[in-house]
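*Asks:* Provided herewith: upload29.pdb, PDB, C-alpha atoms.
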ATOM      1  CA  MET A  25      15.955  11.696  19.900
ATOM      2  CA  TRP A  26      15.940   7.861  20.134
ATOM      3  CA  ARG A  27      19.295   6.081  19.764
ATOM      4  CA  THR A  28      20.465   2.484  19.842
ATOM      5  CA  ARG A  29      23.457   1.602  21.999
ATOM      6  CA  GLY A  30      26.614   2.949  20.387
ATOM      7  CA  ASP A  31      24.555   5.368  18.244
ATOM      8  CA  ALA A  32      24.480   2.852  15.366
ATOM      9  CA  LEU A  33      20.905   3.952  14.673
ATOM     10  CA  SER A  34      19.209   7.150  15.780
ATOM     11  CA  VAL A  35      15.746   8.509  15.050
ATOM     12  CA  ARG A  36      14.353  11.950  15.893
ATOM     13  CA  VAL A  37      10.759  11.553  17.075
ATOM     14  CA  GLY A  38       8.357  14.471  17.541
ATOM     15  CA  ALA A  39       5.490  14.355  20.027
ATOM     16  CA  ARG A  40       2.743  15.250  17.538
ATOM     17  CA  PRO A  41       3.630  12.536  14.957
ATOM     18  CA  VAL A  42       3.736   9.937  17.732
ATOM     19  CA  VAL A  43       0.336  10.983  19.097
ATOM     20  CA  VAL A  44      -1.241  11.127  15.619
ATOM     21  CA  THR A  45       0.226   7.762  14.601
ATOM     22  CA  ALA A  46      -0.999   6.140  17.815
ATOM     23  CA  ALA A  47      -4.460   7.667  17.330
ATOM     24  CA  LEU A  48      -4.655   6.418  13.732
ATOM     25  CA  ALA A  49      -3.554   2.936  14.789
ATOM     26  CA  LEU A  50      -6.187   2.862  17.537
ATOM     27  CA  ALA A  51      -8.827   4.064  15.057
ATOM     28  CA  ALA A  52      -7.864   1.254  12.667
ATOM     29  CA  LEU A  53      -8.207  -1.290  15.485
ATOM     30  CA  ALA A  54     -11.531   0.292  16.494
ATOM     31  CA  VAL A  55     -12.845  -0.285  12.955
ATOM     32  CA  ALA A  56     -11.447  -3.822  12.960
ATOM     33  CA  VAL A  57     -13.583  -4.911  15.922
ATOM     34  CA  PRO A  58     -16.983  -4.224  14.264
ATOM     35  CA  ALA A  59     -15.549  -5.725  11.067
ATOM     36  CA  LEU A  60     -15.174  -8.961  13.025
ATOM     37  CA  ALA A  61     -18.647  -8.650  14.533
ATOM     38  CA  LEU A  62     -20.776  -7.674  11.499
ATOM     39  CA  GLY A  63     -22.064 -10.072   8.853
ATOM     40  CA  ASP A  64     -24.805 -12.556   8.143
ATOM     41  CA  PHE A  65     -23.793 -14.245  11.401
ATOM     42  CA  ARG A  66     -23.610 -11.348  13.847
ATOM     43  CA  VAL A  67     -21.363 -11.782  16.855
ATOM     44  CA  PRO A  68     -21.657  -9.425  19.858
ATOM     45  CA  VAL A  69     -18.523  -7.375  20.453
ATOM     46  CA  PRO A  70     -17.850  -8.942  23.892
ATOM     47  CA  ASP A  71     -17.960 -12.388  22.237
ATOM     48  CA  VAL A  72     -15.549 -11.132  19.556
ATOM     49  CA  LEU A  73     -13.055 -10.154  22.236
ATOM     50  CA  ARG A  74     -13.552 -13.491  24.017
ATOM     51  CA  ALA A  75     -13.023 -15.385  20.763
ATOM     52  CA  LEU A  76      -9.795 -13.485  20.109
ATOM     53  CA  THR A  77      -8.477 -14.317  23.582
ATOM     54  CA  GLY A  78      -9.453 -17.993  23.278
ATOM     55  CA  ALA A  79     -12.130 -17.768  25.971
ATOM     56  CA  LEU A  80     -14.957 -18.613  23.531
ATOM     57  CA  ASP A  81     -15.520 -21.756  21.507
ATOM     58  CA  GLY A  82     -18.136 -22.980  19.043
ATOM     59  CA  PRO A  83     -19.581 -21.421  15.868
ATOM     60  CA  ALA A  84     -18.907 -17.833  16.990
ATOM     61  CA  ARG A  85     -15.187 -18.553  17.347
ATOM     62  CA  THR A  86     -15.095 -20.243  13.946
ATOM     63  CA  VAL A  87     -16.736 -17.239  12.298
ATOM     64  CA  VAL A  88     -14.559 -14.667  14.050
ATOM     65  CA  VAL A  89     -11.150 -16.381  14.107
ATOM     66  CA  ASP A  90     -11.193 -18.726  11.126
ATOM     67  CA  TRP A  91     -13.280 -16.720   8.647
ATOM     68  CA  ARG A  92     -13.168 -12.992   9.434
ATOM     69  CA  LEU A  93      -9.899 -12.417  11.310
ATOM     70  CA  PRO A  94      -7.522 -13.199   8.380
ATOM     71  CA  ARG A  95      -9.399 -10.735   6.152
ATOM     72  CA  VAL A  96      -9.204  -7.981   8.763
ATOM     73  CA  LEU A  97      -5.514  -8.672   9.429
ATOM     74  CA  LEU A  98      -4.724  -8.537   5.706
ATOM     75  CA  ALA A  99      -6.655  -5.261   5.342
ATOM     76  CA  LEU A 100      -4.556  -3.755   8.147
ATOM     77  CA  LEU A 101      -1.231  -5.154   6.896
ATOM     78  CA  LEU A 102      -1.748  -4.393   3.203
ATOM     79  CA  GLY A 103      -3.114  -0.932   3.982
ATOM     80  CA  ALA A 104       0.009  -0.217   6.019
ATOM     81  CA  ALA A 105       2.204  -1.517   3.193
ATOM     82  CA  LEU A 106       0.443   0.699   0.631
ATOM     83  CA  GLY A 107       0.754   3.707   2.940
ATOM     84  CA  MET A 108       4.518   3.153   3.331
ATOM     85  CA  SER A 109       4.948   2.580  -0.407
ATOM     86  CA  GLY A 110       3.137   5.834  -1.179
ATOM     87  CA  ALA A 111       5.229   7.704   1.389
ATOM     88  CA  ILE A 112       8.427   6.418  -0.241
ATOM     89  CA  PHE A 113       7.519   7.525  -3.760
ATOM     90  CA  GLN A 114       6.014  10.864  -2.703
ATOM     91  CA  SER A 115       9.204  11.548  -0.761
ATOM     92  CA  LEU A 116      11.406  10.587  -3.736
ATOM     93  CA  THR A 117       9.417  12.668  -6.248
ATOM     94  CA  ARG A 118       8.592  15.452  -3.747
ATOM     95  CA  ASN A 119       5.152  15.493  -5.300
ATOM     96  CA  PRO A 120       1.765  14.424  -3.819
ATOM     97  CA  LEU A 121       0.938  12.676  -7.123
ATOM     98  CA  GLY A 122       4.003  10.441  -6.858
ATOM     99  CA  SER A 123       2.333   7.234  -5.736
ATOM    100  CA  PRO A 124       3.080   3.768  -7.180
ATOM    101  CA  ASP A 125      -0.366   3.399  -8.783
ATOM    102  CA  VAL A 126       0.005   6.740 -10.598
ATOM    103  CA  ILE A 127       3.636   6.188 -11.642
ATOM    104  CA  GLY A 128       2.786   2.772 -13.080
ATOM    105  CA  PHE A 129       4.478   0.365 -10.693
ATOM    106  CA  GLY A 130       1.100  -1.004  -9.601
ATOM    107  CA  SER A 131       0.129  -1.610 -13.236
ATOM    108  CA  GLY A 132       3.468  -3.367 -13.822
ATOM    109  CA  ALA A 133       2.914  -5.626 -10.821
ATOM    110  CA  TYR A 134      -0.571  -6.391 -12.160
ATOM    111  CA  THR A 135       0.860  -7.213 -15.600
ATOM    112  CA  GLY A 136       3.364  -9.643 -14.088
ATOM    113  CA  ALA A 137       0.744 -11.368 -11.968
ATOM    114  CA  LEU A 138      -1.701 -11.422 -14.888
ATOM    115  CA  LEU A 139       0.810 -13.116 -17.179
ATOM    116  CA  VAL A 140       1.437 -15.821 -14.584
ATOM    117  CA  MET A 141      -2.302 -16.383 -14.059
ATOM    118  CA  LEU A 142      -3.168 -16.517 -17.752
ATOM    119  CA  LEU A 143      -0.255 -18.829 -18.521
ATOM    120  CA  GLY A 144      -1.599 -21.217 -15.885
ATOM    121  CA  GLY A 145       1.291 -20.724 -13.501
ATOM    122  CA  GLY A 146       0.659 -22.364 -10.141
ATOM    123  CA  GLY A 147      -0.733 -20.787  -7.016
ATOM    124  CA  TRP A 148      -0.163 -17.788  -4.820
ATOM    125  CA  GLY A 149       3.631 -18.113  -4.753
ATOM    126  CA  ALA A 150       3.881 -18.001  -8.536
ATOM    127  CA  VAL A 151       1.499 -15.034  -8.734
ATOM    128  CA  ALA A 152       3.501 -13.207  -6.048
ATOM    129  CA  THR A 153       6.728 -13.847  -7.942
ATOM    130  CA  GLY A 154       5.166 -12.633 -11.187
ATOM    131  CA  SER A 155       3.821  -9.538  -9.420
ATOM    132  CA  LEU A 156       7.226  -8.702  -7.940
ATOM    133  CA  ALA A 157       8.983  -9.308 -11.281
ATOM    134  CA  GLY A 158       6.445  -7.140 -13.124
ATOM    135  CA  GLY A 159       6.744  -4.320 -10.587
ATOM    136  CA  LEU A 160      10.548  -4.369 -10.578
ATOM    137  CA  GLY A 161      10.679  -4.609 -14.386
ATOM    138  CA  THR A 162       8.382  -1.603 -14.698
ATOM    139  CA  ALA A 163      10.405   0.312 -12.111
ATOM    140  CA  ALA A 164      13.602  -0.416 -14.051
ATOM    141  CA  LEU A 165      11.986   0.736 -17.319
ATOM    142  CA  VAL A 166      10.601   3.954 -15.794
ATOM    143  CA  TYR A 167      13.891   4.636 -14.019
ATOM    144  CA  VAL A 168      15.933   4.216 -17.228
ATOM    145  CA  LEU A 169      13.534   6.306 -19.341
ATOM    146  CA  ALA A 170      13.463   9.079 -16.725
ATOM    147  CA  TYR A 171      17.239   9.091 -16.116
ATOM    148  CA  ARG A 172      19.050  12.170 -17.409
ATOM    149  CA  GLY A 173      22.218  12.290 -15.323
ATOM    150  CA  GLY A 174      19.934  11.564 -12.349
ATOM    151  CA  VAL A 175      16.225  11.096 -11.723
ATOM    152  CA  GLN A 176      14.098  14.228 -11.244
ATOM    153  CA  GLY A 177      10.747  13.752  -9.486
ATOM    154  CA  PHE A 178       8.394  15.402 -11.987
ATOM    155  CA  ARG A 179      10.049  13.606 -14.929
ATOM    156  CA  LEU A 180       9.677  10.289 -13.095
ATOM    157  CA  ILE A 181       5.928  10.933 -12.652
ATOM    158  CA  VAL A 182       5.359  11.919 -16.297
ATOM    159  CA  VAL A 183       7.298   8.929 -17.638
ATOM    160  CA  GLY A 184       5.508   6.673 -15.150
ATOM    161  CA  ILE A 185       2.064   7.871 -16.242
ATOM    162  CA  GLY A 186       2.987   7.116 -19.858
ATOM    163  CA  VAL A 187       4.271   3.639 -19.026
ATOM    164  CA  SER A 188       1.184   3.011 -16.873
ATOM    165  CA  SER A 189      -1.107   3.869 -19.813
ATOM    166  CA  VAL A 190       0.764   1.427 -22.072
ATOM    167  CA  LEU A 191       0.598  -1.321 -19.431
ATOM    168  CA  ALA A 192      -3.140  -0.729 -18.908
ATOM    169  CA  SER A 193      -3.648  -1.365 -22.621
ATOM    170  CA  VAL A 194      -1.491  -4.494 -22.449
ATOM    171  CA  ASN A 195      -3.479  -5.775 -19.466
ATOM    172  CA  THR A 196      -6.774  -5.242 -21.292
ATOM    173  CA  TRP A 197      -5.424  -7.007 -24.387
ATOM    174  CA  LEU A 198      -4.220  -9.976 -22.308
ATOM    175  CA  ILE A 199      -7.658 -10.391 -20.728
ATOM    176  CA  LEU A 200      -9.423 -10.131 -24.103
ATOM    177  CA  LYS A 201      -7.184 -12.837 -25.592
ATOM    178  CA  ALA A 202      -7.430 -15.217 -22.642
ATOM    179  CA  ASP A 203      -9.755 -18.160 -22.092
ATOM    180  CA  LEU A 204     -13.164 -16.910 -20.880
ATOM    181  CA  GLN A 205     -12.990 -18.523 -17.437
ATOM    182  CA  LEU A 206      -9.431 -17.342 -16.828
ATOM    183  CA  ALA A 207     -10.293 -13.888 -18.142
ATOM    184  CA  MET A 208     -13.245 -13.594 -15.748
ATOM    185  CA  THR A 209     -11.097 -14.726 -12.811
ATOM    186  CA  ALA A 210      -8.332 -12.291 -13.736
ATOM    187  CA  ALA A 211     -10.777  -9.426 -14.241
ATOM    188  CA  VAL A 212     -12.411  -9.974 -10.825
ATOM    189  CA  TRP A 213      -9.003 -10.261  -9.161
ATOM    190  CA  GLY A 214      -7.888  -7.131 -11.023
ATOM    191  CA  ALA A 215     -10.581  -5.076  -9.296
ATOM    192  CA  GLY A 216      -8.685  -5.511  -6.022
ATOM    193  CA  SER A 217     -10.514  -7.725  -3.568
ATOM    194  CA  LEU A 218     -10.081  -9.280  -0.130
ATOM    195  CA  ASN A 219     -13.127 -11.536  -0.572
ATOM    196  CA  ALA A 220     -10.948 -14.662  -0.897
ATOM    197  CA  ALA A 221      -8.487 -13.706   1.867
ATOM    198  CA  GLY A 222      -7.605 -16.509   4.258
ATOM    199  CA  TRP A 223      -4.972 -17.665   6.717
ATOM    200  CA  THR A 224      -2.907 -19.058   3.816
ATOM    201  CA  HIS A 225      -2.227 -15.433   2.774
ATOM    202  CA  VAL A 226      -1.499 -14.046   6.254
ATOM    203  CA  GLY A 227       1.685 -16.028   6.959
ATOM    204  CA  PRO A 228       3.524 -15.125   3.707
ATOM    205  CA  THR A 229       2.394 -11.494   4.042
ATOM    206  CA  VAL A 230       3.753 -11.217   7.589
ATOM    207  CA  LEU A 231       6.983 -12.934   6.539
ATOM    208  CA  ALA A 232       7.463 -10.587   3.567
ATOM    209  CA  LEU A 233       6.812  -7.501   5.702
ATOM    210  CA  ALA A 234       9.208  -8.818   8.361
ATOM    211  CA  VAL A 235      11.936  -8.723   5.702
ATOM    212  CA  ILE A 236      10.973  -5.467   3.941
ATOM    213  CA  VAL A 237      10.104  -3.179   6.879
ATOM    214  CA  PRO A 238      13.469  -3.426   8.727
ATOM    215  CA  VAL A 239      15.252  -2.553   5.476
ATOM    216  CA  LEU A 240      12.923   0.427   5.059
ATOM    217  CA  VAL A 241      13.579   1.579   8.632
ATOM    218  CA  LEU A 242      17.329   1.535   7.930
ATOM    219  CA  LEU A 243      16.749   3.617   4.777
ATOM    220  CA  SER A 244      14.252   6.047   6.333
ATOM    221  CA  ARG A 245      16.813   8.565   7.625
ATOM    222  CA  ARG A 246      18.473   8.677   4.195
ATOM    223  CA  ALA A 247      15.056   9.248   2.619
ATOM    224  CA  ASP A 248      14.511  12.230   4.919
ATOM    225  CA  LEU A 249      17.922  13.645   3.961
ATOM    226  CA  LEU A 250      17.134  13.227   0.237
ATOM    227  CA  GLU A 251      14.192  15.602   0.684
ATOM    228  CA  MET A 252      16.758  18.321   1.510
ATOM    229  CA  GLY A 253      18.200  18.024  -1.995
ATOM    230  CA  ASP A 254      20.862  15.838  -3.578
ATOM    231  CA  ASP A 255      23.740  18.243  -2.854
ATOM    232  CA  THR A 256      22.864  18.539   0.829
ATOM    233  CA  ALA A 257      22.283  14.799   1.149
ATOM    234  CA  HIS A 258      25.625  14.088  -0.541
ATOM    235  CA  ALA A 259      27.362  16.520   1.811
ATOM    236  CA  LEU A 260      25.854  14.638   4.764
ATOM    237  CA  GLY A 261      27.246  11.326   3.533
ATOM    238  CA  VAL A 262      24.302   9.954   1.553
ATOM    239  CA  ALA A 263      24.801   8.597  -1.984
ATOM    240  CA  PRO A 264      21.643  10.033  -3.666
ATOM    241  CA  GLU A 265      21.256   7.705  -6.651
ATOM    242  CA  ARG A 266      22.133   4.542  -4.745
ATOM    243  CA  THR A 267      19.729   5.441  -1.941
ATOM    244  CA  ARG A 268      16.995   6.391  -4.416
ATOM    245  CA  LEU A 269      17.362   3.070  -6.235
ATOM    246  CA  ALA A 270      17.215   1.109  -2.969
ATOM    247  CA  LEU A 271      14.054   2.977  -1.932
ATOM    248  CA  VAL A 272      12.442   2.307  -5.320
ATOM    249  CA  VAL A 273      13.104  -1.437  -4.930
ATOM    250  CA  VAL A 274      11.614  -1.458  -1.416
ATOM    251  CA  GLY A 275       8.579   0.592  -2.494
ATOM    252  CA  VAL A 276       7.928  -1.669  -5.475
ATOM    253  CA  ALA A 277       8.239  -4.747  -3.260
ATOM    254  CA  LEU A 278       5.545  -3.360  -0.930
ATOM    255  CA  THR A 279       3.242  -2.616  -3.876
ATOM    256  CA  ALA A 280       3.879  -6.004  -5.477
ATOM    257  CA  LEU A 281       3.098  -7.758  -2.193
ATOM    258  CA  CYS A 282      -0.331  -6.088  -2.054
ATOM    259  CA  THR A 283      -1.010  -6.848  -5.718
ATOM    260  CA  ALA A 284      -0.083 -10.498  -5.244
ATOM    261  CA  VAL A 285      -2.428 -10.927  -2.263
ATOM    262  CA  ALA A 286      -5.454  -8.824  -3.190
ATOM    263  CA  GLY A 287      -4.935  -7.488  -6.696
ATOM    264  CA  PRO A 288      -4.262  -3.839  -7.513
ATOM    265  CA  ILE A 289      -5.870  -1.564  -4.895
ATOM    266  CA  ALA A 290      -5.765   2.030  -6.061
ATOM    267  CA  PHE A 291      -5.524   5.374  -4.263
ATOM    268  CA  VAL A 292      -4.616   4.154  -0.744
ATOM    269  CA  ALA A 293      -0.930   4.729  -1.513
ATOM    270  CA  LEU A 294      -1.807   8.117  -3.000
ATOM    271  CA  ALA A 295      -3.999   9.447  -0.199
ATOM    272  CA  ALA A 296      -2.578   7.925   3.004
ATOM    273  CA  PRO A 297       0.794   9.774   3.127
ATOM    274  CA  GLN A 298      -0.775  13.159   2.353
ATOM    275  CA  LEU A 299      -3.589  12.786   4.864
ATOM    276  CA  ALA A 300      -1.134  11.618   7.531
ATOM    277  CA  ARG A 301       1.281  14.454   6.805
ATOM    278  CA  ARG A 302      -1.485  17.040   7.201
ATOM    279  CA  LEU A 303      -2.378  15.615  10.594
ATOM    280  CA  THR A 304       1.202  15.360  11.828
ATOM    281  CA  ARG A 305       2.307  18.645  10.182
ATOM    282  CA  GLY A 306       5.657  16.946   9.885
ATOM    283  CA  THR A 307       8.436  16.892   7.326
ATOM    284  CA  GLY A 308      10.169  13.881   5.848
ATOM    285  CA  ALA A 309       8.671  10.666   4.569
ATOM    286  CA  GLY A 310       6.476  10.036   7.655
ATOM    287  CA  LEU A 311       6.484   6.281   7.160
ATOM    288  CA  ALA A 312       4.858   5.283  10.466
ATOM    289  CA  SER A 313       1.964   7.737  10.222
ATOM    290  CA  ALA A 314       1.421   6.870   6.531
ATOM    291  CA  ALA A 315       1.313   3.165   7.450
ATOM    292  CA  ALA A 316      -1.260   3.789  10.203
ATOM    293  CA  MET A 317      -3.387   5.951   7.890
ATOM    294  CA  GLY A 318      -3.165   3.332   5.108
ATOM    295  CA  ALA A 319      -4.313   0.604   7.503
ATOM    296  CA  LEU A 320      -7.253   2.765   8.643
ATOM    297  CA  LEU A 321      -8.288   3.608   5.059
ATOM    298  CA  LEU A 322      -8.160   0.039   3.777
ATOM    299  CA  VAL A 323      -9.904  -1.646   6.703
ATOM    300  CA  THR A 324     -12.644   1.017   6.609
ATOM    301  CA  SER A 325     -13.022   0.639   2.838
ATOM    302  CA  ASP A 326     -13.270  -3.133   3.223
ATOM    303  CA  VAL A 327     -16.059  -2.821   5.805
ATOM    304  CA  ILE A 328     -17.934  -0.543   3.375
ATOM    305  CA  ALA A 329     -17.321  -3.020   0.545
ATOM    306  CA  GLN A 330     -18.800  -5.842   2.638
ATOM    307  CA  ARG A 331     -21.797  -4.040   4.108
ATOM    308  CA  ALA A 332     -22.888  -1.312   1.642
ATOM    309  CA  PHE A 333     -24.833  -3.732  -0.599
ATOM    310  CA  ALA A 334     -25.049  -6.772   1.710
ATOM    311  CA  PRO A 335     -25.351  -9.651   1.136
ATOM    312  CA  THR A 336     -23.473  -8.818  -2.093
ATOM    313  CA  GLN A 337     -19.840  -8.038  -1.378
ATOM    314  CA  LEU A 338     -18.014  -5.534  -3.560
ATOM    315  CA  PRO A 339     -14.284  -5.708  -4.283
ATOM    316  CA  VAL A 340     -12.556  -3.303  -1.902
ATOM    317  CA  GLY A 341     -10.809  -1.760  -4.911
ATOM    318  CA  VAL A 342     -14.164  -0.414  -6.102
ATOM    319  CA  VAL A 343     -14.584   1.489  -2.832
ATOM    320  CA  THR A 344     -11.020   2.865  -2.793
ATOM    321  CA  VAL A 345     -11.376   4.003  -6.404
ATOM    322  CA  SER A 346     -14.670   5.767  -5.621
ATOM    323  CA  ILE A 347     -13.262   7.549  -2.568
ATOM    324  CA  GLY A 348      -9.823   8.082  -4.097
ATOM    325  CA  GLY A 349     -11.207   9.537  -7.315
ATOM    326  CA  ALA A 350     -12.886  12.324  -5.367
ATOM    327  CA  TYR A 351      -9.682  12.838  -3.386
ATOM    328  CA  LEU A 352      -7.610  13.037  -6.603
ATOM    329  CA  VAL A 353      -9.940  15.674  -8.096
ATOM    330  CA  GLY A 354      -9.649  17.737  -4.917
ATOM    331  CA  LEU A 355      -5.862  17.328  -4.933
ATOM    332  CA  LEU A 356      -5.570  18.447  -8.561
ATOM    333  CA  VAL A 357      -7.811  21.476  -7.939
ATOM    334  CA  ARG A 358      -5.741  22.468  -4.902
ATOM    335  CA  GLU A 359      -2.459  22.091  -6.799
ATOM    336  CA  ALA A 360      -3.834  24.125  -9.739
ATOM    337  CA  ARG A 361      -4.904  26.949  -7.404
ATOM    338  CA  ARG A 362      -1.550  26.944  -5.629
ATOM    339  CA  GLN A 363       0.327  27.293  -8.928
TER
END
As structure tokens, how would this structure be written, given the file I've shared?
*Replies:*
Amino acid sequence: MWRTRGDALSVRVGARPVVVTAALALAALAVAVPALALGDFRVPVPDVLRALTGALDGPARTVVVDWRLPRVLLALLLGAALGMSGAIFQSLTRNPLGSPDVIGFGSGAYTGALLVMLLGGGGWGAVATGSLAGGLGTAALVYVLAYRGGVQGFRLIVVGIGVSSVLASVNTWLILKADLQLAMTAAVWGAGSLNAAGWTHVGPTVLALAVIVPVLVLLSRRADLLEMGDDTAHALGVAPERTRLALVVVGVALTALCTAVAGPIAFVALAAPQLARRLTRGTGAGLASAAAMGALLLVTSDVIAQRAFAPTQLPVGVVTVSIGGAYLVGLLVREARRQ
């Protein structure tokens, strides 16, 4: 048990989750190093490490630090954010299908960002604001439609799938009605890509996560108690609906952040929490392990997207959809057999 002074904050930490989380984080970093080295301009791994420590100058440093490092950092950060977002919604719904891209919050964030782009609204800040507004608006709509004296997990998923289908149609209609150049830009961005990632995206992403993650850490113990049932959580001093609403807002903010930076990236939020939970064999939301698994999945997918058909670079969303589709089929088959 880890406690702050005065017991204002306490966290129970098991040995296996810590070891698994550390191993996943190290694996993500191990994939990040070759991601910095590989490309049309190959840089030996020792030179990559020297460039990162400032001991190397010249073209190799420019390639590694200025061109490739921001993309790798964003893959790690956004993968972690998607993993945490998926862990939040799967914990709230108590269902492995309860991820933001299945429930529709990812589609809502995409709709908001798409509207801003097609209306000619500014740069990254405007798109991020539109993405957050779209995600929160969709969350509010799904929450209200699913509310029957409280929000039950399965009902939230079913309502979310319906809303997601409607929003997918709206998104397609918006692209069809838009100017050709804007429509092509929006369609490419909508595939989910880190191809245009740069240092201008890293700073705002780190700043947003620095605000969101501490709030999530404060809510994590309440999220674990909610998994014991509303009555038990209420008896232990947790207000179920208020806590659930706060977690939804935080989860949507994480999803909207990813959508604003790279477009909608599917299946990482769905797969990361479940894969991490199987490795840790733990209970509760498992936010840290889900974040580490999400970072590993996204950075690995991005390396595949860059190198599978080099020199052509695929959007990373194409890779996550291909891998995640197979995972979703396996998940559905397993759930059908269990029932």
*Asks:* Go through A:Pro264, A:Pro70, A:Pro297, A:Pro94 and flag the residue nearest Val230 (chain A), using all atoms listed in the file for the distances.
*Replies:*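 So, comparing all the options, the nearest one is A:Pro94.
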*Asks:* So what do you get for CA of Arg92 (chain A) versus CA of Ala79 (chain A), distance-wise?
*Replies:*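 Computing the Euclidean distance for CA of Arg92 (chain A) and CA of Ala79 (chain A) yields 17.2 Å.
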*Asks:* Which polymer residues, whether protein, DNA or RNA, lie within 8 Å of the coordinate (3.6, 8.1, 2.3) when you count only C-alpha atoms? List them as a PyMOL selection string, using the chain letters and numbers from the file.
*Replies:* chain A and resi 107-115+293-294+296-298+300+309-311+314-315
*Asks:* Can you list what the PyMOL selection byres ((chain A and resi 337) around 12) grabs from this structure, as a list in words?
*Replies:*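 Expected selection for the PyMOL selection byres ((chain A and resi 337) around 12) here is Gly63, Asp64, Ser217, Leu218, Asn219, Ala220, Ser325, Asp326, Val327, Ile328, Ala329, Gln330, Arg331, Ala332, Phe333, Ala334, Pro335, Thr336, Leu338, Pro339, Val340, Gly341, Val342 and Val343 of chain A.
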*Asks:* Which value, in Å to one decimal, gives the distance between CA of Val88 (chain A) and CA of Ala47 (chain A)?
*Replies:* 24.7 Å
*Asks:* One decimal, Å: what's the distance from CA of Leu180 (chain A) over to CA of Arg305 (chain A), could you say?
*Replies:*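 That distance, rounded to one decimal, is 25.8 Å.
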*Asks:* Which polymer residues have any atom within 7 Å of an atom of Gly159 (chain A), counting all atoms listed in the file, with same-chain residues fewer than 3 positions away left out, as a PDB file with C-alpha atoms, keeping the file's coordinate frame?
*Replies:*
ATOM      1  CA  PHE A 129       4.478   0.365 -10.693  1.00  0.00           C
ATOM      2  CA  GLY A 130       1.100  -1.004  -9.601  1.00  0.00           C
ATOM      3  CA  GLY A 132       3.468  -3.367 -13.822  1.00  0.00           C
ATOM      4  CA  ALA A 133       2.914  -5.626 -10.821  1.00  0.00           C
ATOM      5  CA  SER A 155       3.821  -9.538  -9.420  1.00  0.00           C
ATOM      6  CA  LEU A 156       7.226  -8.702  -7.940  1.00  0.00           C
ATOM      7  CA  THR A 162       8.382  -1.603 -14.698  1.00  0.00           C
ATOM      8  CA  ALA A 163      10.405   0.312 -12.111  1.00  0.00           C
ATOM      9  CA  VAL A 276       7.928  -1.669  -5.475  1.00  0.00           C
ATOM     10  CA  ALA A 280       3.879  -6.004  -5.477  1.00  0.00           C
TER      11      ALA A 280
END
*Asks:* Counting only C-alpha atoms, select every polymer residue within 9 Å of (-1.6, -10.6, -4.3) as defined in the file's coordinates, and provide the selection as a PDB file with C-alpha atoms, keeping the file's coordinate frame.
*Replies:*
ATOM      1  CA  TYR A 134      -0.571  -6.391 -12.160  1.00  0.00           C
ATOM      2  CA  ALA A 137       0.744 -11.368 -11.968  1.00  0.00           C
ATOM      3  CA  TRP A 148      -0.163 -17.788  -4.820  1.00  0.00           C
ATOM      4  CA  VAL A 151       1.499 -15.034  -8.734  1.00  0.00           C
ATOM      5  CA  ALA A 152       3.501 -13.207  -6.048  1.00  0.00           C
ATOM      6  CA  SER A 155       3.821  -9.538  -9.420  1.00  0.00           C
ATOM      7  CA  TRP A 213      -9.003 -10.261  -9.161  1.00  0.00           C
ATOM      8  CA  GLY A 216      -8.685  -5.511  -6.022  1.00  0.00           C
ATOM      9  CA  HIS A 225      -2.227 -15.433   2.774  1.00  0.00           C
ATOM     10  CA  ALA A 280       3.879  -6.004  -5.477  1.00  0.00           C
ATOM     11  CA  LEU A 281       3.098  -7.758  -2.193  1.00  0.00           C
ATOM     12  CA  CYS A 282      -0.331  -6.088  -2.054  1.00  0.00           C
ATOM     13  CA  THR A 283      -1.010  -6.848  -5.718  1.00  0.00           C
ATOM     14  CA  ALA A 284      -0.083 -10.498  -5.244  1.00  0.00           C
ATOM     15  CA  VAL A 285      -2.428 -10.927  -2.263  1.00  0.00           C
ATOM     16  CA  ALA A 286      -5.454  -8.824  -3.190  1.00  0.00           C
ATOM     17  CA  GLY A 287      -4.935  -7.488  -6.696  1.00  0.00           C
ATOM     18  CA  PRO A 288      -4.262  -3.839  -7.513  1.00  0.00           C
TER      19      PRO A 288
END
*Asks:* Selection in question (the file shown): the PyMOL selection byres ((chain A and resi 40) around 12). Which residues does it include, as an mmCIF file with C-alpha atoms, in the coordinates of the input?
*Replies:*
data_model
loop_
_atom_site.group_PDB
_atom_site.id
_atom_site.type_symbol
_atom_site.label_atom_id
_atom_site.label_comp_id
_atom_site.auth_asym_id
_atom_site.auth_seq_id
_atom_site.Cartn_x
_atom_site.Cartn_y
_atom_site.Cartn_z
ATOM 1 C CA VAL A 37 10.759 11.553 17.075
ATOM 2 C CA GLY A 38 8.357 14.471 17.541
ATOM 3 C CA ALA A 39 5.490 14.355 20.027
ATOM 4 C CA PRO A 41 3.630 12.536 14.957
ATOM 5 C CA VAL A 42 3.736 9.937 17.732
ATOM 6 C CA VAL A 43 0.336 10.983 19.097
ATOM 7 C CA VAL A 44 -1.241 11.127 15.619
ATOM 8 C CA THR A 45 0.226 7.762 14.601
ATOM 9 C CA ALA A 46 -0.999 6.140 17.815
ATOM 10 C CA ALA A 47 -4.460 7.667 17.330
ATOM 11 C CA ALA A 300 -1.134 11.618 7.531
ATOM 12 C CA ARG A 301 1.281 14.454 6.805
ATOM 13 C CA ARG A 302 -1.485 17.040 7.201
ATOM 14 C CA LEU A 303 -2.378 15.615 10.594
ATOM 15 C CA THR A 304 1.202 15.360 11.828
ATOM 16 C CA ARG A 305 2.307 18.645 10.182
ATOM 17 C CA GLY A 306 5.657 16.946 9.885
ATOM 18 C CA THR A 307 8.436 16.892 7.326
ATOM 19 C CA GLY A 310 6.476 10.036 7.655
ATOM 20 C CA SER A 313 1.964 7.737 10.222
#
*Asks:* Once the PyMOL selection byres ((chain A and resi 320) around 9) has been applied to the shown file, what residues remain in the selection, as a PyMOL selection string?
*Replies:* chain A and resi 48-53+55-56+99-100+103-104+296+315-319+321-325
